[in-house]
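Right, one structure below, let's go through it.
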Amino acid sequence: MLTRTSVVNHIRLNIASFSSTLEFGDISFYQAFSRALAVQREKKIFFGGEGSFDQYPIFSEPIPIPPITESINIMYHQIKPVIKVKNLDITAVSASSLLQVGSTRHIYAETRIKHIRQLENHSEELNNQTIIPLEEIHSSPGTAIVNGR
Amino acid sequence: MNFQVYNRELAVGDIKIIGVSSSSVCIVGDVQTIQLASTFDTPAESLIIGPFVPLFPKG
């Protein structure tokens with residue numbers, strides 16, 4: 001395949017993280033894999049050595065991807081065999097992503113993320129609060145409502 | 001299938017991107033095949049309200 005030449009005058013990338021790549025030039029195969037347990041805790045508590053990927057089926061379930069079987073006859077007419085970009089400004093690439101200046105034959109990337117939120121139990125605090133009916137608030141406008149008082 | 005491609009002039013001024021994430025690509029060039037997969041799981045049972053217990057330890 002006759003590929004074009006890529007020309008980028010100025011490039012700016014701040015962050016490349018979690019199995020991401022910044023590539024200059026041609027490659028024939030790119031494969032990236034990234035998995036994450038995204039835990040949000042209400043309090044700043046960090047336990048060491050926790051989190052097991054095999055506890056969650058999302059990290060092992062098969063991802064159905066249509067196979068590339070169809071053969072297509074492609075004719076390329078490179079009238080101007082160059083791709084020009086004056087300015088490329090990217091803040092961040094993350095989680096099996098690719099930023100490339102150049103050509104590639106095949107790309108395969110996979111990301112699996114499990115998101116877990118751990119919150120504190122606030123039900124007792126809610127019980128101590130005086131709940132003012134909505135009609136009461138509407139009937140006396142200008143009343144300041146301070147948390148349950 | 002027969003497919004004809006005429007690559008004429010391609011010149012871009014400025015590209016500004018905030019983020020490329022979760023199996024995404026940004027390419028200045030030619031590609032033959034791309035296969036990208038991304039899964040994200042945040043079901044109702046992943047919201048845990050109560051005392052902070054550590055996740056199952058690493059195997």
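How things are named: the first chain in the structure tokens is A, the next is B, and so on; residues count from 1 in each chain; ligands count from 1 in the order shown.
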If you count only C-alpha atoms, which residues fall within 10 Å of range 108-125 of chain A, apart from same-chain ones fewer than 4 positions away, as number ranges by chain? A: 18-20, 29-43, 53, 56-61, 63, 95-98, 129; B: 21-25, 33-55
Picked from chain A by DSSP as helix (DSSP H, G or I), as a ChimeraX atom specification: /A:53-55,57-59,123-128,134-139
Mind listing the strand (DSSP E or B) residues of range 2-139 of chain A, per DSSP on the backbone, as a PyMOL selection string? chain A and resi 5-16+21-24+27-41+50+73-78+82-93+98-101+104-119
